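Peer 1: This one is my_file22.txt, compact mmCIF, C-alpha atoms and all ligand atoms.
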```
# COMPACT_ATOMS: atom_id res chain seq x y z
CA MET Z 1 0.00 0.00 0.00
CA HIS Z 2 1.46 3.31 -1.10
CA ASN Z 3 0.79 6.79 0.24
CA VAL Z 4 1.04 8.50 -3.14
CA VAL Z 5 1.09 7.16 -6.66
CA ILE Z 6 1.75 9.64 -9.45
CA ILE Z 7 0.72 8.76 -12.97
CA GLY Z 8 3.00 10.41 -15.52
CA SER Z 9 6.63 11.51 -15.57
CA GLY Z 10 6.43 14.85 -17.37
CA CYS Z 11 6.95 18.20 -15.74
CA ALA Z 12 3.78 17.92 -13.63
CA GLY Z 13 4.32 14.36 -12.40
CA ASN Z 14 8.01 14.84 -11.67
CA THR Z 15 7.37 18.05 -9.73
CA ALA Z 16 4.66 16.31 -7.69
CA ALA Z 17 7.28 13.61 -7.02
CA VAL Z 18 9.84 16.17 -5.77
CA TYR Z 19 7.34 17.62 -3.29
CA THR Z 20 5.82 14.36 -2.04
CA ALA Z 21 9.23 12.68 -1.78
CA ARG Z 22 10.60 15.62 0.16
CA ALA Z 23 7.60 15.25 2.49
CA SER Z 24 8.77 11.65 3.14
CA LEU Z 25 5.72 10.11 1.46
CA ASN Z 26 7.79 7.70 -0.70
CA PRO Z 27 5.91 8.39 -3.94
CA ILE Z 28 5.77 5.91 -6.79
CA VAL Z 29 5.81 7.46 -10.26
CA ILE Z 30 4.43 5.45 -13.15
CA LYS Z 31 6.37 6.69 -16.14
CA GLY Z 32 3.75 6.14 -18.84
CA HIS Z 33 4.13 5.43 -22.52
CA GLU Z 34 5.82 8.77 -23.28
CA ALA Z 35 8.32 8.89 -20.40
CA GLY Z 36 9.28 12.49 -19.73
CA GLY Z 37 6.10 13.77 -21.35
CA GLN Z 38 5.95 16.42 -24.04
CA LEU Z 39 9.20 18.05 -22.89
CA SER Z 40 11.04 14.94 -23.95
CA ILE Z 41 10.19 15.73 -27.59
CA THR Z 42 10.89 19.46 -27.36
CA SER Z 43 14.21 20.99 -28.28
CA GLU Z 44 15.41 23.98 -26.31
CA VAL Z 45 13.25 25.47 -23.53
CA GLU Z 46 14.02 29.15 -23.18
CA ASN Z 47 11.12 30.30 -21.03
CA PHE Z 48 11.44 28.10 -17.93
CA PRO Z 49 12.41 30.51 -15.14
CA GLY Z 50 15.84 29.94 -13.68
CA PHE Z 51 17.64 28.98 -16.88
CA PRO Z 52 18.85 32.29 -18.35
CA THR Z 53 20.59 30.62 -21.27
CA GLY Z 54 17.86 28.01 -21.84
CA ILE Z 55 17.88 24.25 -21.30
CA MET Z 56 17.06 21.30 -23.53
CA GLY Z 57 13.56 19.92 -22.82
CA PRO Z 58 14.71 16.32 -22.17
CA GLU Z 59 17.43 17.57 -19.82
CA LEU Z 60 14.99 19.73 -17.86
CA VAL Z 61 12.55 16.91 -17.25
CA GLU Z 62 15.35 14.47 -16.42
CA ASN Z 63 16.76 16.97 -13.91
CA ILE Z 64 13.42 17.15 -12.09
CA LYS Z 65 13.32 13.35 -11.99
CA THR Z 66 16.85 13.20 -10.54
CA GLN Z 67 15.80 15.76 -7.95
CA ALA Z 68 12.76 13.62 -6.99
CA GLU Z 69 14.88 10.46 -6.79
CA ARG Z 70 17.30 12.22 -4.49
CA PHE Z 71 14.46 12.46 -1.95
CA GLY Z 72 13.40 8.85 -2.47
CA ALA Z 73 10.83 8.86 -5.29
CA LYS Z 74 10.67 5.54 -7.16
CA TYR Z 75 9.94 5.32 -10.88
CA LEU Z 76 8.14 2.36 -12.47
CA ASP Z 77 8.18 1.56 -16.18
CA GLY Z 78 4.82 1.01 -17.82
CA SER Z 79 1.40 2.62 -18.08
CA VAL Z 80 -1.84 2.40 -16.16
CA THR Z 81 -4.24 0.36 -18.25
CA GLU Z 82 -7.09 0.05 -15.73
CA ALA Z 83 -8.11 1.86 -12.57
CA ASP Z 84 -10.62 1.28 -9.80
CA LEU Z 85 -11.33 4.56 -8.03
CA SER Z 86 -14.63 3.37 -6.51
CA LYS Z 87 -13.14 3.08 -3.02
CA ASN Z 88 -10.02 3.97 -1.08
CA PRO Z 89 -7.39 2.51 -1.39
CA PHE Z 90 -7.50 3.15 -5.12
CA ARG Z 91 -6.33 0.31 -7.33
CA LEU Z 92 -4.31 0.69 -10.52
CA ARG Z 93 -3.27 -1.89 -13.01
CA VAL Z 94 0.23 -1.34 -14.34
CA GLU Z 95 1.03 -3.91 -16.99
CA ASP Z 96 0.27 -7.23 -15.20
CA GLU Z 97 0.34 -5.94 -11.66
CA TRP Z 98 -2.23 -4.17 -9.46
CA ILE Z 99 -0.95 -1.53 -7.07
CA GLU Z 100 -2.83 0.20 -4.26
CA THR Z 101 -2.57 3.75 -3.01
CA ARG Z 102 -4.18 6.10 -0.51
CA THR Z 103 -3.84 9.14 -2.77
CA LEU Z 104 -3.44 9.42 -6.50
CA ILE Z 105 -2.03 12.27 -8.58
CA ILE Z 106 -3.01 12.03 -12.23
CA ALA Z 107 -0.41 13.83 -14.34
CA SER Z 108 -0.79 11.67 -17.43
CA GLY Z 109 -0.81 14.66 -19.77
CA ALA Z 110 -2.30 15.13 -23.18
CA SER Z 111 -0.68 13.85 -26.30
CA ALA Z 112 -0.51 16.04 -29.37
CA ARG Z 113 -2.59 14.70 -32.21
CA TRP Z 114 -0.39 14.13 -35.26
CA LEU Z 115 -1.14 13.60 -38.93
CA ASN Z 116 0.53 10.22 -38.52
CA LEU Z 117 2.51 10.39 -41.75
CA PRO Z 118 5.73 8.36 -41.49
CA SER Z 119 7.79 11.35 -42.72
CA GLU Z 120 6.13 13.66 -40.18
CA GLN Z 121 6.85 11.24 -37.32
CA LYS Z 122 10.52 10.93 -38.28
CA LEU Z 123 10.99 14.73 -38.31
CA ILE Z 124 9.39 15.55 -34.94
CA GLY Z 125 11.92 17.76 -33.15
CA HIS Z 126 13.73 18.39 -36.47
CA GLY Z 127 11.40 20.98 -37.97
CA VAL Z 128 8.08 19.31 -37.12
CA SER Z 129 6.59 20.61 -33.89
CA SER Z 130 3.29 20.65 -32.03
CA CYS Z 131 4.09 23.75 -29.98
CA ALA Z 132 4.67 27.20 -31.47
CA THR Z 133 5.28 28.73 -28.04
CA CYS Z 134 8.13 26.26 -27.52
CA ASP Z 135 9.74 26.24 -30.94
CA GLY Z 136 8.55 29.34 -32.85
CA PHE Z 137 11.59 31.36 -31.89
CA PHE Z 138 13.82 29.13 -34.03
CA TYR Z 139 12.05 30.23 -37.22
CA ARG Z 140 13.06 33.87 -37.42
CA ASP Z 141 12.71 35.02 -41.06
CA LYS Z 142 11.85 31.48 -42.12
CA GLU Z 143 8.89 29.97 -43.96
CA VAL Z 144 6.55 28.11 -41.65
CA MET Z 145 3.34 26.19 -42.07
CA VAL Z 146 0.60 25.49 -39.55
CA ILE Z 147 -1.92 22.68 -39.97
CA GLY Z 148 -5.40 22.95 -38.42
CA GLY Z 149 -8.58 24.99 -38.36
CA GLY Z 150 -9.22 25.41 -34.63
CA ASP Z 151 -8.30 28.10 -32.12
CA THR Z 152 -4.88 26.57 -31.52
CA ALA Z 153 -4.01 26.76 -35.23
CA MET Z 154 -5.16 30.41 -35.40
CA GLU Z 155 -3.26 31.30 -32.24
CA GLU Z 156 -0.10 29.51 -33.35
CA ALA Z 157 -0.23 31.06 -36.83
CA ASN Z 158 -0.58 34.53 -35.33
CA PHE Z 159 2.18 33.89 -32.83
CA LEU Z 160 4.50 32.58 -35.53
CA THR Z 161 4.17 35.76 -37.60
CA ARG Z 162 6.32 37.43 -34.92
CA PHE Z 163 9.22 35.33 -36.12
CA GLY Z 164 8.52 33.80 -39.50
CA LYS Z 165 8.82 35.59 -42.82
CA ARG Z 166 5.52 34.06 -43.90
CA VAL Z 167 3.05 31.63 -42.33
CA ALA Z 168 0.91 29.32 -44.44
CA LEU Z 169 -2.15 28.01 -42.61
CA VAL Z 170 -3.40 24.77 -44.13
CA HIS Z 171 -6.84 23.39 -43.30
CA ARG Z 172 -8.56 20.31 -44.65
CA THR Z 173 -11.92 22.03 -45.33
CA ASP Z 174 -13.03 25.63 -45.81
CA THR Z 175 -15.07 25.74 -42.61
CA PHE Z 176 -13.25 26.61 -39.44
CA ARG Z 177 -13.84 25.35 -35.95
CA ALA Z 178 -11.97 28.33 -34.53
CA SER Z 179 -13.94 31.05 -32.74
CA LYS Z 180 -14.83 34.01 -34.96
CA ILE Z 181 -12.55 36.41 -33.13
CA MET Z 182 -9.51 34.15 -33.48
CA TYR Z 183 -10.30 33.40 -37.12
CA ASP Z 184 -10.82 37.09 -37.95
CA ARG Z 185 -7.55 38.02 -36.29
CA ALA Z 186 -5.62 35.45 -38.32
CA LYS Z 187 -7.44 36.42 -41.50
CA ALA Z 188 -6.52 40.08 -40.97
CA ASN Z 189 -2.84 39.29 -40.47
CA PRO Z 190 -1.06 40.08 -43.76
CA LYS Z 191 1.71 37.56 -43.02
CA ILE Z 192 -0.74 34.62 -42.92
CA GLU Z 193 -1.79 32.90 -46.12
CA PHE Z 194 -4.82 30.58 -45.86
CA ILE Z 195 -4.71 27.37 -47.89
CA VAL Z 196 -8.07 25.61 -47.57
CA ASN Z 197 -9.45 22.22 -48.62
CA SER Z 198 -5.91 20.92 -48.46
CA GLY Z 199 -3.68 18.63 -46.48
CA VAL Z 200 -0.07 17.52 -46.21
CA GLN Z 201 0.70 14.25 -47.95
CA GLU Z 202 4.40 14.07 -47.21
CA VAL Z 203 7.06 16.04 -45.33
CA PHE Z 204 10.57 16.40 -46.79
CA ASP Z 205 13.46 15.78 -46.18
CA VAL Z 206 13.82 12.70 -43.98
CA GLU Z 207 17.24 11.96 -45.53
CA LYS Z 208 18.57 15.36 -44.44
CA ASN Z 209 16.87 15.03 -41.03
CA THR Z 210 15.34 18.50 -41.37
CA VAL Z 211 12.19 20.01 -42.86
CA THR Z 212 12.68 21.55 -46.29
CA ALA Z 213 9.30 21.18 -48.05
CA VAL Z 214 5.89 19.51 -48.00
CA ARG Z 215 3.69 17.99 -50.66
CA LEU Z 216 0.16 19.35 -50.40
CA LYS Z 217 -2.99 17.90 -51.88
CA ASN Z 218 -6.05 19.96 -52.69
CA TYR Z 219 -8.98 17.70 -51.79
CA VAL Z 220 -11.40 19.51 -54.13
CA THR Z 221 -9.31 19.60 -57.31
CA GLY Z 222 -7.13 16.58 -56.52
CA GLU Z 223 -4.08 18.65 -57.49
CA THR Z 224 -0.80 18.12 -55.64
CA THR Z 225 1.82 20.84 -55.19
CA MET Z 226 5.22 21.13 -53.54
CA ARG Z 227 5.92 23.98 -51.18
CA ASP Z 228 9.18 24.94 -49.50
CA VAL Z 229 8.91 25.34 -45.72
CA ASP Z 230 11.42 25.37 -42.88
CA GLY Z 231 9.05 24.44 -40.09
CA LEU Z 232 5.78 22.54 -39.84
CA PHE Z 233 3.51 23.11 -36.83
CA VAL Z 234 0.79 20.52 -36.41
CA ALA Z 235 -2.08 22.08 -34.44
CA ILE Z 236 -4.89 19.59 -34.87
CA GLY Z 237 -5.76 19.14 -31.21
CA HIS Z 238 -4.60 17.13 -28.23
CA ILE Z 239 -5.86 13.91 -26.73
CA PRO Z 240 -5.88 13.86 -22.90
CA ASN Z 241 -4.67 10.58 -21.47
CA THR Z 242 -7.67 9.74 -19.31
CA LYS Z 243 -8.91 6.47 -20.81
CA PRO Z 244 -8.62 4.37 -17.62
CA PHE Z 245 -10.77 6.90 -15.72
CA VAL Z 246 -13.74 7.18 -18.06
CA GLY Z 247 -16.96 6.67 -16.08
CA GLN Z 248 -15.19 7.29 -12.75
CA LEU Z 249 -13.81 10.82 -12.89
CA ASP Z 250 -15.68 13.89 -14.08
CA LEU Z 251 -14.30 14.52 -17.57
CA ASP Z 252 -15.38 17.16 -20.08
CA HIS Z 253 -16.63 16.32 -23.58
CA ASP Z 254 -13.05 16.04 -24.89
CA GLY Z 255 -11.88 13.84 -22.03
CA TYR Z 256 -10.03 16.46 -19.95
CA ILE Z 257 -10.39 16.13 -16.16
CA ILE Z 258 -12.81 18.69 -14.72
CA SER Z 259 -11.26 20.45 -11.74
CA HIS Z 260 -13.24 20.64 -8.54
CA GLY Z 261 -11.09 23.49 -7.20
CA GLY Z 262 -7.34 23.59 -6.67
CA ALA Z 263 -5.92 20.24 -7.74
CA ARG Z 264 -9.04 18.32 -6.70
CA THR Z 265 -11.11 16.01 -8.87
CA ASN Z 266 -14.64 14.83 -7.99
CA ILE Z 267 -13.10 11.97 -5.97
CA PRO Z 268 -11.47 12.92 -2.64
CA GLY Z 269 -7.85 11.73 -2.65
CA VAL Z 270 -7.54 11.83 -6.44
CA PHE Z 271 -5.77 14.95 -7.72
CA HIS Z 272 -4.95 16.29 -11.16
CA ALA Z 273 -1.82 18.07 -12.39
CA GLY Z 274 -0.81 19.47 -15.74
CA ASP Z 275 -2.15 19.05 -19.24
CA VAL Z 276 -4.55 16.24 -18.35
CA GLN Z 277 -6.75 19.01 -16.91
CA ASP Z 278 -5.29 22.18 -18.46
CA ARG Z 279 -6.31 22.86 -22.03
CA VAL Z 280 -5.48 26.54 -21.87
CA TYR Z 281 -1.93 27.24 -20.67
CA ARG Z 282 -0.10 23.96 -21.40
CA GLN Z 283 3.32 25.24 -20.38
CA ALA Z 284 6.12 23.39 -18.61
CA ILE Z 285 6.08 25.96 -15.83
CA THR Z 286 2.30 25.81 -15.30
CA ALA Z 287 2.46 21.99 -15.30
CA ALA Z 288 5.24 22.13 -12.70
CA GLY Z 289 3.16 24.52 -10.59
CA ALA Z 290 0.14 22.23 -10.86
CA GLY Z 291 2.29 19.26 -9.79
CA CYS Z 292 3.32 21.20 -6.70
CA MET Z 293 -0.33 22.03 -5.90
CA ALA Z 294 -1.43 18.40 -6.23
CA ALA Z 295 1.45 17.25 -4.02
CA ILE Z 296 0.60 19.73 -1.27
CA GLU Z 297 -3.06 18.69 -1.36
CA ALA Z 298 -2.16 14.99 -1.19
CA GLU Z 299 0.22 15.65 1.70
CA ARG Z 300 -2.39 17.62 3.66
CA LEU Z 301 -5.04 14.96 3.14
CA LEU Z 302 -2.72 12.17 4.28
CA GLU Z 303 -1.74 14.18 7.32
CA ALA Z 304 -5.37 14.89 8.19
CA GLU Z 305 -6.10 11.17 7.93
CA GLY Z 306 -3.18 10.43 10.26
CA HIS Z 307 -0.90 8.61 7.78
P1 LIG Z 401 -9.89 21.65 -32.08
O1 LIG Z 401 -10.33 20.26 -31.80
O2 LIG Z 401 -10.79 22.78 -31.75
O3 LIG Z 401 -9.54 21.80 -33.62
C1 LIG Z 401 -8.76 20.84 -34.26
C2 LIG Z 401 -8.62 21.25 -35.72
O4 LIG Z 401 -7.75 20.31 -36.33
C3 LIG Z 401 -9.92 21.24 -36.50
O5 LIG Z 401 -9.92 22.30 -37.41
C4 LIG Z 401 -9.86 19.90 -37.24
O6 LIG Z 401 -10.49 19.92 -38.49
C5 LIG Z 401 -8.39 19.73 -37.47
N1 LIG Z 401 -8.01 18.33 -37.54
C6 LIG Z 401 -8.26 17.34 -36.65
N2 LIG Z 401 -7.72 16.19 -37.06
C7 LIG Z 401 -7.10 16.46 -38.24
C8 LIG Z 401 -6.36 15.69 -39.16
N3 LIG Z 401 -6.10 14.40 -38.94
N4 LIG Z 401 -5.88 16.28 -40.27
C9 LIG Z 401 -6.10 17.59 -40.50
N5 LIG Z 401 -6.80 18.39 -39.68
C10 LIG Z 401 -7.28 17.82 -38.55
O7 LIG Z 401 -8.46 21.78 -31.32
P2 LIG Z 401 -7.67 23.05 -30.84
O8 LIG Z 401 -6.40 22.54 -30.30
O9 LIG Z 401 -7.62 24.07 -31.88
O10 LIG Z 401 -8.53 23.62 -29.63
C11 LIG Z 401 -8.82 22.80 -28.50
C12 LIG Z 401 -9.63 23.61 -27.50
O11 LIG Z 401 -8.83 24.61 -26.91
C13 LIG Z 401 -10.83 24.32 -28.13
O12 LIG Z 401 -11.89 24.28 -27.24
C14 LIG Z 401 -10.33 25.73 -28.30
O13 LIG Z 401 -11.37 26.68 -28.32
C15 LIG Z 401 -9.43 25.87 -27.08
N6 LIG Z 401 -8.41 26.91 -27.32
C16 LIG Z 401 -8.67 28.18 -26.96
C17 LIG Z 401 -7.77 29.18 -27.17
C18 LIG Z 401 -8.06 30.55 -26.76
O14 LIG Z 401 -9.20 30.84 -26.50
N7 LIG Z 401 -7.11 31.43 -26.69
C19 LIG Z 401 -6.45 28.91 -27.79
C20 LIG Z 401 -6.28 27.54 -28.17
C21 LIG Z 401 -7.23 26.59 -27.94
P3 LIG Z 401 -12.09 19.76 -38.66
O15 LIG Z 401 -12.67 21.04 -38.16
O16 LIG Z 401 -12.22 19.54 -40.12
O17 LIG Z 401 -12.48 18.57 -37.82
```
Please go through the file and, once you have read it, give me the structure as structure tokens.
Ligand code: NDP
Peer 2:
Amino acid sequence: MHNVVIIGSGCAGNTAAVYTARASLNPIVIKGHEAGGQLSITSEVENFPGFPTGIMGPELVENIKTQAERFGAKYLDGSVTEADLSKNPFRLRVEDEWIETRTLIIASGASARWLNLPSEQKLIGHGVSSCATCDGFFYRDKEVMVIGGGDTAMEEANFLTRFGKRVALVHRTDTFRASKIMYDRAKANPKIEFIVNSGVQEVFDVEKNTVTAVRLKNYVTGETTMRDVDGLFVAIGHIPNTKPFVGQLDLDHDGYIISHGGARTNIPGVFHAGDVQDRVYRQAITAAGAGCMAAIEAERLLEAEGH
């Protein structure tokens, strides 16, 4: 029986581990299928306070893990495939084993949705990105392309015009899911070119290990064209990793955990941290802050219960 189990080893989970380990609660962290979370696929992080010359994403998240281990946090390989939150202790299935815990911090994150083209997958971190805030800075005076028709795509396209020479926004239809205000703002930006009814068929150049061009297909005319780009930002939504909790935790229509104040979920003793609940800020620093909040709440609950 554990005091605290933390699901996820990104910025949120690792920070929760630092705090709970330092409070002598011997946390167990279940690494998950993308160990290190989204930071592990980011290049340089220049906006995490305390690193004036920047730090590589994988190094940052690994540092927080090392810090947690120093205070006694234990990391387990594997993912939670099933959960029983109907009574305390909560039960979690990790691979073939069930583990039990008095408190649970869910920091399982949200995974970027990708186009799932083999060439796109090979170039993630080498010109293909899912986060303009993280990587936009590297495209000063370059040609960039954003895929998507929602608010994130509009926001990222607008943001990227601060750096890029030109931003092409490619959407698969000519109707946009984005809110009118976000759409209008992007439309009014002279640096953004809208390419509708189109999608990326292939990203080049895998051989050179960097993005140089894409092949686009117009779905109405069937025509394919090549276009030179230096960076490709895929902004087609995120998928929160909450599958094992469906029907047990309050989730919104997209599967994000609904907060019941602070780091609390609808189940006492189950806390959320990071992108699994946050669809707005999605930053390493906000995830770290949320991990700290969840840890403090878990610690206070355990103390109140006399553990
Ligand atoms: P959305 O789910 O709103 O939009 C996803 C977009 O990606 C849609 O245009 C969709 O096209 C397209 N898409 C999905 N799958 C594919 C695919 N395989 N190939 C090509 N295109 C694809 O996600 P967002 O991340 O934009 O937004 C998520 C939430 O966050 C929303 O509620 C949004 O309002 C909110 N948000 C708010 C912001 C703000 O207010 N400042 C900023 C950013 C996000 P289609 O429409 O054809 O399905």
Peer 1: For stretch 2-7 of chain Z, work out the shell of residues within 6 Å, counting all atoms listed in the file and skipping chain neighbours fewer than 4 positions away, then give it as a PDB file with C-alpha atoms, in the coordinates of the input.
Peer 2:
```pdb
ATOM      1  CA  PRO Z  27       5.910   8.390  -3.940  1.00  0.00           C
ATOM      2  CA  ILE Z  28       5.770   5.910  -6.790  1.00  0.00           C
ATOM      3  CA  VAL Z  29       5.810   7.460 -10.260  1.00  0.00           C
ATOM      4  CA  ILE Z  30       4.430   5.450 -13.150  1.00  0.00           C
ATOM      5  CA  THR Z 101      -2.570   3.750  -3.010  1.00  0.00           C
ATOM      6  CA  ARG Z 102      -4.180   6.100  -0.510  1.00  0.00           C
ATOM      7  CA  THR Z 103      -3.840   9.140  -2.770  1.00  0.00           C
ATOM      8  CA  LEU Z 104      -3.440   9.420  -6.500  1.00  0.00           C
ATOM      9  CA  ILE Z 105      -2.030  12.270  -8.580  1.00  0.00           C
ATOM     10  CA  ILE Z 106      -3.010  12.030 -12.230  1.00  0.00           C
ATOM     11  CA  ALA Z 107      -0.410  13.830 -14.340  1.00  0.00           C
ATOM     12  CA  SER Z 108      -0.790  11.670 -17.430  1.00  0.00           C
TER      13      SER Z 108
END
```
Peer 1: Could you give me, as a list of chain:residue names, the residues within 9 Å of Z:Gly291, counting all atoms listed in the file and dropping anything in the same chain fewer than 3 positions from it?
Peer 2: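 The neighbour list is Z:Cys11, Z:Ala12, Z:Gly13, Z:Asn14, Z:Thr15, Z:Ala16, Z:Ala17, Z:Tyr19, Z:Ile105, Z:Ala107, Z:Ala263, Z:His272, Z:Ala273, Z:Gly274, Z:Thr286, Z:Ala287, Z:Ala288, Z:Ala294, Z:Ala295, Z:Ile296.
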Peer 1: Taking all atoms listed in the file and a cut-off of 9 Å, can you tell me which residues surround ligand LIG 401 (chain Z), written as a VMD selection string?
Peer 2: chain Z and resid 112 to 116 147 to 156 170 to 179 182 198 to 200 234 to 238 254 279 to 281
Peer 1: Using atom CA of Z:Ile285 and atom CA of Z:Asn266 as the two end points, give the distance in Å to one decimal.
Peer 2: 24.8 Å
Peer 1: Within 12 Å of (9.1, 33.2, -40.0) (file coordinates; all atoms listed in the file), which protein or nucleic acid residues are there? I'd like them as a VMD selection string.
Peer 2: chain Z and resid 132 135 to 146 156 to 168 191 to 192 229 to 233
Peer 1: Can you pull out every residue within 12 Å of Z:Asp96, counting all atoms listed in the file, but drop anything in the same chain fewer than 2 positions away, and send it as a PyMOL selection string?
Peer 2: chain Z and resi 77-82+92-94+98-99
Peer 1: Please dump the current selection as an mmCIF file, in the frame of the given file; keep C-alpha atoms.
Peer 2:
```cif
data_model
loop_
_atom_site.group_PDB
_atom_site.id
_atom_site.type_symbol
_atom_site.label_atom_id
_atom_site.label_comp_id
_atom_site.auth_asym_id
_atom_site.auth_seq_id
_atom_site.Cartn_x
_atom_site.Cartn_y
_atom_site.Cartn_z
ATOM 1 C CA ASP Z 77 8.180 1.560 -16.180
ATOM 2 C CA GLY Z 78 4.820 1.010 -17.820
ATOM 3 C CA SER Z 79 1.400 2.620 -18.080
ATOM 4 C CA VAL Z 80 -1.840 2.400 -16.160
ATOM 5 C CA THR Z 81 -4.240 0.360 -18.250
ATOM 6 C CA GLU Z 82 -7.090 0.050 -15.730
ATOM 7 C CA LEU Z 92 -4.310 0.690 -10.520
ATOM 8 C CA ARG Z 93 -3.270 -1.890 -13.010
ATOM 9 C CA VAL Z 94 0.230 -1.340 -14.340
ATOM 10 C CA TRP Z 98 -2.230 -4.170 -9.460
ATOM 11 C CA ILE Z 99 -0.950 -1.530 -7.070
#
```
Peer 1: Taking into account only C-alpha atoms, which residue in the set Z:Lys208, Z:Arg70, Z:His253, Z:Lys187 is nearest to Z:Ile239?
Peer 2: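 Among the listed residues, the smallest separation from Z:Ile239 belongs to Z:His253.
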Peer 1: Give the answer as one residue: which of Z:Met56, Z:Asn47, Z:Gly125, Z:Ser9 has the shortest atom-to-atom distance to Z:Ala68, using only C-alpha atoms?
Peer 2: Z:Ser9
Peer 1: Could you check which residues have any atom within 7 Å of (4.3, 15.3, -46.9), counting only C-alpha atoms with coordinates taken straight from the file, and then list them as a VMD selection string?
Peer 2: chain Z and resid 119 200 to 204 214 to 216
Peer 1: Measuring between all atoms listed in the file, which one of Z:Asn63, Z:Ile181, Z:Asp84, Z:Ala23 shows the shortest distance to Z:Pro244?
Peer 2: Z:Asp84
Peer 1: Between Z:Pro58, Z:Gly261, Z:Pro268, Z:Gly32, which residue has the minimum interatomic distance to Z:Ala284, considering all atoms listed in the file?
Peer 2: Z:Pro58
Peer 1: Between atom CA of Z:Lys217 and atom CA of Z:Thr42, measure the distance and give it in Å to one decimal.
Peer 2: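 The value is 28.2 Å.
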Peer 1: When you count only C-alpha atoms, which of these residues is closest to Z:Glu120: Z:Asp184, Z:Gly222, Z:Ile267, Z:Thr212?
Peer 2: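 Counting only C-alpha atoms, the residue closest to Z:Glu120 is Z:Thr212.
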Peer 1: Calculate how many Å separate atom CA of Z:Gly247 from atom CA of Z:Gly269, rounding to one decimal.
Peer 2: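 Distance reported for this atom pair: 17.0 Å.
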Peer 1: Between Z:Ala73, Z:Ile257, Z:Ile64, Z:Val211, which is the closest to Z:His126 once you count all atoms listed in the file?
Peer 2: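 Closest residue, counting all atoms listed in the file: Z:Val211.
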Peer 1: Which residues are close to Z:Cys134, i.e. within 8 Å by only C-alpha atoms, leaving aside same-chain residues fewer than 4 positions away? Reply as a CSV table (one decimal) with C-alpha atoms, keeping the file's coordinate frame.
Peer 2:
```
chain,number,residue,atom,x,y,z
Z,42,THR,CA,10.9,19.5,-27.4
Z,44,GLU,CA,15.4,24.0,-26.3
Z,45,VAL,CA,13.2,25.5,-23.5
Z,46,GLU,CA,14.0,29.2,-23.2
```
